[in-house]
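Just structure35.txt here, compact mmCIF, C-alpha atoms and all ligand atoms:
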# COMPACT_ATOMS: atom_id res chain seq x y z
CA MET A 21 106.57 65.82 38.04
CA LYS A 22 107.15 65.07 41.69
CA PRO A 23 104.87 66.99 44.06
CA LEU A 24 106.62 69.62 46.15
CA ARG A 25 106.87 69.25 49.89
CA ILE A 26 104.14 71.15 51.70
CA LEU A 27 105.44 72.97 54.76
CA THR A 28 103.43 72.52 57.91
CA TYR A 29 103.00 74.58 61.04
CA PRO A 30 105.13 75.48 63.05
CA GLU A 31 107.57 75.90 60.12
CA PRO A 32 108.68 79.58 60.40
CA PHE A 33 108.65 80.13 56.62
CA LEU A 34 104.84 79.96 56.71
CA LEU A 35 104.74 83.04 58.92
CA ARG A 36 106.80 85.18 56.55
CA GLU A 37 105.23 87.72 54.26
CA THR A 38 105.88 86.90 50.60
CA GLU A 39 107.41 89.34 48.12
CA PRO A 40 105.66 90.60 45.01
CA LEU A 41 106.58 88.74 41.84
CA GLN A 42 108.32 91.15 39.45
CA ASN A 43 108.76 89.04 36.36
CA ILE A 44 106.76 86.06 35.10
CA ASP A 45 109.31 83.93 33.28
CA GLY A 46 109.61 80.27 32.35
CA ALA A 47 110.89 79.31 35.79
CA VAL A 48 107.82 80.91 37.34
CA GLN A 49 105.52 78.99 34.97
CA GLU A 50 107.25 75.75 35.96
CA MET A 51 106.85 76.58 39.62
CA ILE A 52 103.12 77.29 39.12
CA ASP A 53 102.72 73.93 37.35
CA ALA A 54 104.55 72.19 40.19
CA MET A 55 102.30 73.94 42.70
CA ALA A 56 99.22 72.75 40.79
CA GLU A 57 100.44 69.14 40.74
CA THR A 58 101.14 69.40 44.45
CA MET A 59 97.70 70.82 45.21
CA TYR A 60 95.85 68.18 43.16
CA ALA A 61 97.97 65.37 44.62
CA ALA A 62 97.41 66.48 48.22
CA PRO A 63 94.44 66.79 47.44
CA GLY A 64 93.61 70.38 48.21
CA ILE A 65 91.53 73.17 46.73
CA GLY A 66 94.02 75.98 47.21
CA LEU A 67 97.74 76.48 47.69
CA ALA A 68 99.92 79.52 48.30
CA ALA A 69 103.57 79.75 47.23
CA SER A 70 104.79 80.11 50.80
CA GLN A 71 103.34 76.68 51.59
CA VAL A 72 105.89 75.09 49.29
CA GLY A 73 108.77 77.28 50.42
CA TRP A 74 108.55 79.82 47.59
CA GLY A 75 108.53 83.33 49.02
CA LYS A 76 106.61 85.01 46.19
CA SER A 77 103.08 86.35 46.03
CA VAL A 78 101.43 83.59 44.00
CA LEU A 79 98.39 81.51 44.83
CA ILE A 80 96.40 78.87 42.99
CA TYR A 81 93.01 77.33 43.59
CA ASP A 82 90.42 75.10 41.99
CA ILE A 83 87.00 74.98 43.56
CA ALA A 84 85.18 73.38 40.62
CA PRO A 85 83.34 70.13 41.43
CA ARG A 86 85.62 67.19 40.61
CA GLU A 87 83.34 65.76 37.93
CA GLU A 88 83.75 68.97 35.95
CA GLY A 89 87.48 68.40 35.59
CA ARG A 90 90.28 70.75 36.48
CA ARG A 91 89.70 74.47 36.51
CA LEU A 92 92.90 75.97 37.80
CA HIS A 93 93.00 79.62 38.79
CA VAL A 94 96.29 81.40 39.32
CA LEU A 95 96.66 84.78 40.97
CA VAL A 96 99.91 86.72 41.06
CA ASN A 97 100.37 89.59 43.54
CA PRO A 98 96.71 89.44 44.61
CA ARG A 99 95.29 91.86 47.12
CA ILE A 100 91.89 92.40 48.64
CA VAL A 101 90.86 95.92 47.71
CA ALA A 102 87.39 95.83 49.28
CA SER A 103 85.39 93.50 51.45
CA GLU A 104 81.99 93.50 53.07
CA GLY A 105 79.77 91.44 55.33
CA GLU A 106 80.77 88.66 57.66
CA VAL A 107 80.29 84.90 57.48
CA LEU A 108 81.39 82.01 59.61
CA SER A 109 83.60 79.75 57.56
CA GLU A 110 82.73 76.41 59.12
CA ASN A 111 85.34 73.75 59.63
CA GLU A 112 88.03 75.56 57.73
CA GLY A 113 91.18 73.54 57.20
CA CYS A 114 94.62 73.93 55.63
CA LEU A 115 97.19 71.60 54.08
CA SER A 116 99.80 73.31 56.28
CA VAL A 117 97.81 72.67 59.46
CA PRO A 118 97.07 68.95 59.17
CA ASP A 119 94.40 67.20 61.17
CA TYR A 120 92.81 70.34 62.45
CA ARG A 121 89.70 72.30 61.54
CA ALA A 122 88.00 75.29 63.08
CA ASP A 123 85.33 77.88 62.39
CA VAL A 124 86.78 81.18 61.18
CA LYS A 125 85.12 84.56 60.71
CA ARG A 126 85.56 85.78 57.15
CA ALA A 127 84.24 88.59 55.01
CA GLU A 128 81.20 87.59 53.00
CA ARG A 129 82.29 89.26 49.80
CA VAL A 130 85.66 90.41 48.53
CA LEU A 131 86.99 92.35 45.59
CA VAL A 132 90.43 91.09 44.62
CA GLU A 133 92.91 92.61 42.19
CA GLY A 134 96.02 90.97 40.87
CA PHE A 135 97.40 89.36 37.74
CA ASP A 136 96.96 86.02 36.02
CA ARG A 137 99.88 83.78 35.06
CA GLU A 138 100.32 85.65 31.78
CA GLY A 139 100.65 88.92 33.65
CA LYS A 140 97.25 90.24 32.59
CA PRO A 141 95.46 92.30 35.24
CA VAL A 142 92.64 90.47 36.99
CA ARG A 143 89.84 92.00 39.01
CA LEU A 144 87.32 89.65 40.52
CA GLU A 145 84.38 89.83 42.84
CA ALA A 146 83.76 86.74 44.91
CA ASP A 147 81.31 85.63 47.53
CA GLY A 148 80.50 82.44 49.42
CA PHE A 149 83.06 79.68 49.37
CA HIS A 150 85.04 81.37 46.60
CA ALA A 151 85.53 84.44 48.81
CA ILE A 152 86.60 82.27 51.75
CA VAL A 153 89.23 80.44 49.68
CA LEU A 154 90.62 83.73 48.36
CA GLN A 155 90.89 85.18 51.86
CA HIS A 156 92.54 82.00 53.18
CA GLU A 157 95.15 81.93 50.41
CA ILE A 158 95.85 85.67 50.47
CA ASP A 159 96.34 85.33 54.23
CA HIS A 160 99.06 82.75 53.50
CA LEU A 161 100.85 85.24 51.27
CA ASN A 162 100.84 87.67 54.20
CA GLY A 163 102.21 85.06 56.58
CA VAL A 164 98.85 84.48 58.26
CA LEU A 165 97.36 81.05 58.96
CA PHE A 166 93.73 80.34 59.75
CA ILE A 167 94.73 79.37 63.27
CA ASP A 168 95.82 83.00 63.72
CA ARG A 169 92.16 83.92 63.25
CA ILE A 170 90.63 81.68 65.90
CA SER A 171 90.41 82.41 69.62
CA ARG A 172 93.61 82.36 71.63
CA LEU A 173 92.25 79.54 73.77
CA LYS A 174 91.52 77.33 70.77
CA ARG A 175 94.93 78.11 69.31
CA GLU A 176 96.69 77.16 72.55
CA LEU A 177 94.75 73.90 72.70
CA TYR A 178 95.76 73.14 69.14
CA LYS A 179 99.44 73.92 69.84
CA ARG A 180 99.44 71.66 72.87
CA LYS A 181 97.87 68.83 70.91
CA LEU A 182 100.47 69.31 68.16
CA GLN A 183 103.42 69.36 70.58
CA LYS A 184 102.19 66.16 72.14
CA ALA A 185 101.87 64.54 68.72
CA LEU A 186 105.38 65.71 67.74
CA ARG A 187 106.84 64.31 70.97
CA GLU A 188 105.11 61.01 70.40
CA SER A 189 106.35 60.78 66.83
CA GLU A 190 109.92 61.35 68.04
CA HIS A 191 109.56 58.29 70.20
CA ALA A 192 108.03 56.20 67.47
CA VAL A 193 110.22 53.80 65.55
NI NI B 1 95.98 76.94 53.82
This structure in structure tokens:
Amino acid sequence: MKPLRILTYPEPFLLRETEPLQNIDGAVQEMIDAMAETMYAAPGIGLAASQVGWGKSVLIYDIAPREEGRRLHVLVNPRIVASEGEVLSENEGCLSVPDYRADVKRAERVLVEGFDREGKPVRLEADGFHAIVLQHEIDHLNGVLFIDRISRLKRELYKRKLQKALRESEHAV
């Protein structure tokens, strides 16, 4: 299976809110498998549907250490129903925001409800890195990128750097 193309900022599709998935059929399962291949190939630890141009509320992640093999988690229509505490997520990055990392304030613990890929209800409590990944991916489904959560000054500096890089690549042969 060929990995899907990962959209990168400033692609407008990334800033759109996704729609809830109504029906988990074979086409959806195939799309989830394609997302997984894309995430592992990148390599990344999380991927939201909107990042591959699919406007549905689906996210996947795998935060297991590599030597333990693949442990794919799929969440359909996830939402954060409760959160508490605050942590600084250091050097957060995103496949859709290449070559950039920044510290982001995140909740320390979250309670997430949604469904798995079979449509069974899921309710999970997460803290630490797990909670950060869930918040990052659920943000994607709401059209929010981590650079929307850093200071305006830092964001402007990043945009300027990106524009310069884009201009330079246009001139490259
Ligand atoms: Ni991301």
Tell me, as a compact mmCIF listing (two decimals) with C-alpha atoms, in the frame of the given file, which residues lie within 8 Å of Leu108 (chain A), counting only C-alpha atoms; anything in the same chain fewer than 3 positions away does not count.
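And here's around_2.txt as it stands now:
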# COMPACT_ATOMS: atom_id res chain seq x y z
CA ASP A 123 85.33 77.88 62.39
CA VAL A 124 86.78 81.18 61.18
CA LYS A 125 85.12 84.56 60.71
CA ARG A 126 85.56 85.78 57.15
Env. residues ligand NI 1 (chain B) / 7 Å / all atoms listed in the file / as a list in words: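 So the residues close to ligand NI 1 (chain B) are Gly66, Leu67, Gly113, Cys114, Leu115, Ser116, His156, Glu157, His160 and Leu165 of chain A.
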Distance in Å - CA of Ala151 (chain A) versus CA of Ala127 (chain A):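 These two atoms are separated by 7.6 Å.
With all atoms listed in the file as the atoms that count, the minimum distance from Ile52 (chain A) to the choices A:Gly64, A:Pro32, A:Pro23, A:Gly134 is reached by A:Pro23.
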Nearby residues (only C-alpha atoms) at most 8 Å from Glu104 (chain A), same-chain spacing under 5 positions excluded, as a PyMOL selection string: chain A and resi 127-130
Would you save the residues of that selection, restricted to C-alpha atoms, as an mmCIF file, keeping the file's coordinate frame?
data_model
loop_
_atom_site.group_PDB
_atom_site.id
_atom_site.type_symbol
_atom_site.label_atom_id
_atom_site.label_comp_id
_atom_site.auth_asym_id
_atom_site.auth_seq_id
_atom_site.Cartn_x
_atom_site.Cartn_y
_atom_site.Cartn_z
ATOM 1 C CA ALA A 127 84.240 88.590 55.010
ATOM 2 C CA GLU A 128 81.200 87.590 53.000
ATOM 3 C CA ARG A 129 82.290 89.260 49.800
ATOM 4 C CA VAL A 130 85.660 90.410 48.530
#
Given 8 Å on each side, where is the centre and what are the edge lengths in Å to one decimal of the axis-aligned box enclosing the listed atoms of region 141-148 of chain A, as JSON?
{"center_x": 88.0, "center_y": 87.4, "center_z": 42.3, "size_x": 31.0, "size_y": 25.9, "size_z": 30.2}
Given only C-alpha atoms as the counted atoms, nearest of A:Pro141, A:Gly75, A:Gly105, A:Pro63 to Thr38 (chain A): A:Gly75
Atomic separation - CA of Val117 (chain A) relative to CA of Val164 (chain A), Å: 11.9 Å
Pick from A:Leu131, A:Ile158, A:Val107, A:Val48, whichever lies nearest to Ala68 (chain A) using all atoms listed in the file: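 With all atoms listed in the file as the atom set, the closest residue is A:Ile158.
Taking CA of Lys76 (chain A) as the reference point, CA of Glu37 (chain A) is found at 8.6 Å.
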Counting all atoms listed in the file, the residue of A:Leu27, A:Ala84, A:Ala62, A:Leu144 that sits nearest Ala102 (chain A):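 Among the listed residues, A:Leu144 lies closest to Ala102 (chain A).
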Spatial neighbours of Glu57 (chain A), max dist 12 Å, all atoms listed in the file, sep filter under 6 positions, as a ChimeraX atom specification: /A:21-26,50-51,63-67,72,80-82,90,92
Near-Val96 (chain A) list (6 Å; all atoms listed in the file; drop same-chain fewer than 4 positions) as an mmCIF file with C-alpha atoms, in the coordinates of the input:
data_model
loop_
_atom_site.group_PDB
_atom_site.id
_atom_site.type_symbol
_atom_site.label_atom_id
_atom_site.label_comp_id
_atom_site.auth_asym_id
_atom_site.auth_seq_id
_atom_site.Cartn_x
_atom_site.Cartn_y
_atom_site.Cartn_z
ATOM 1 C CA SER A 77 103.080 86.350 46.030
ATOM 2 C CA VAL A 78 101.430 83.590 44.000
ATOM 3 C CA GLY A 134 96.020 90.970 40.870
ATOM 4 C CA PHE A 135 97.400 89.360 37.740
ATOM 5 C CA ASP A 136 96.960 86.020 36.020
#
Mind writing region 151-167 of chain A to a file for me, with N, CA, C and O atoms, as a tab-separated table (two decimals), in the first residue's frame?
chain	number	residue	atom	x	y	z
A	151	ALA	N	-1.50	11.71	27.10
A	151	ALA	CA	-2.49	12.80	27.13
A	151	ALA	C	-2.12	13.89	26.12
A	151	ALA	O	-3.01	14.46	25.46
A	152	ILE	N	-0.84	14.15	25.98
A	152	ILE	CA	-0.38	15.18	25.04
A	152	ILE	C	-0.70	14.77	23.60
A	152	ILE	O	-1.22	15.56	22.81
A	153	VAL	N	-0.42	13.51	23.28
A	153	VAL	CA	-0.68	13.01	21.92
A	153	VAL	C	-2.19	13.09	21.61
A	153	VAL	O	-2.59	13.54	20.53
A	154	LEU	N	-3.01	12.69	22.57
A	154	LEU	CA	-4.46	12.74	22.35
A	154	LEU	C	-4.93	14.17	22.11
A	154	LEU	O	-5.72	14.44	21.20
A	155	GLN	N	-4.41	15.10	22.90
A	155	GLN	CA	-4.82	16.51	22.72
A	155	GLN	C	-4.36	17.04	21.37
A	155	GLN	O	-5.09	17.74	20.68
A	156	HIS	N	-3.14	16.68	20.97
A	156	HIS	CA	-2.59	17.14	19.69
A	156	HIS	C	-3.45	16.62	18.52
A	156	HIS	O	-3.81	17.38	17.62
A	157	GLU	N	-3.79	15.34	18.58
A	157	GLU	CA	-4.55	14.75	17.46
A	157	GLU	C	-6.01	15.22	17.46
A	157	GLU	O	-6.59	15.44	16.39
A	158	ILE	N	-6.60	15.36	18.62
A	158	ILE	CA	-7.99	15.84	18.68
A	158	ILE	C	-8.04	17.29	18.21
A	158	ILE	O	-8.98	17.70	17.52
A	159	ASP	N	-7.01	18.06	18.52
A	159	ASP	CA	-6.90	19.42	17.97
A	159	ASP	C	-6.97	19.38	16.44
A	159	ASP	O	-7.70	20.17	15.83
A	160	HIS	N	-6.22	18.47	15.83
A	160	HIS	CA	-6.25	18.36	14.36
A	160	HIS	C	-7.67	18.19	13.86
A	160	HIS	O	-8.07	18.80	12.86
A	161	LEU	N	-8.43	17.33	14.54
A	161	LEU	CA	-9.80	17.05	14.09
A	161	LEU	C	-10.69	18.29	14.20
A	161	LEU	O	-11.72	18.39	13.54
A	162	ASN	N	-10.27	19.22	15.05
A	162	ASN	CA	-11.00	20.48	15.20
A	162	ASN	C	-10.38	21.60	14.37
A	162	ASN	O	-10.71	22.78	14.56
A	163	GLY	N	-9.45	21.25	13.50
A	163	GLY	CA	-8.82	22.25	12.65
A	163	GLY	C	-7.79	23.11	13.36
A	163	GLY	O	-7.49	24.22	12.92
A	164	VAL	N	-7.25	22.58	14.45
A	164	VAL	CA	-6.27	23.35	15.24
A	164	VAL	C	-4.91	22.69	15.15
A	164	VAL	O	-4.79	21.46	15.31
A	165	LEU	N	-3.89	23.49	14.88
A	165	LEU	CA	-2.51	22.98	14.84
A	165	LEU	C	-1.77	23.44	16.09
A	165	LEU	O	-2.16	24.43	16.71
A	166	PHE	N	-0.66	22.76	16.41
A	166	PHE	CA	0.04	23.16	17.64
A	166	PHE	C	0.60	24.57	17.53
A	166	PHE	O	0.74	25.25	18.54
A	167	ILE	N	0.86	25.03	16.31
A	167	ILE	CA	1.35	26.40	16.17
A	167	ILE	C	0.25	27.43	16.46
A	167	ILE	O	0.54	28.61	16.60
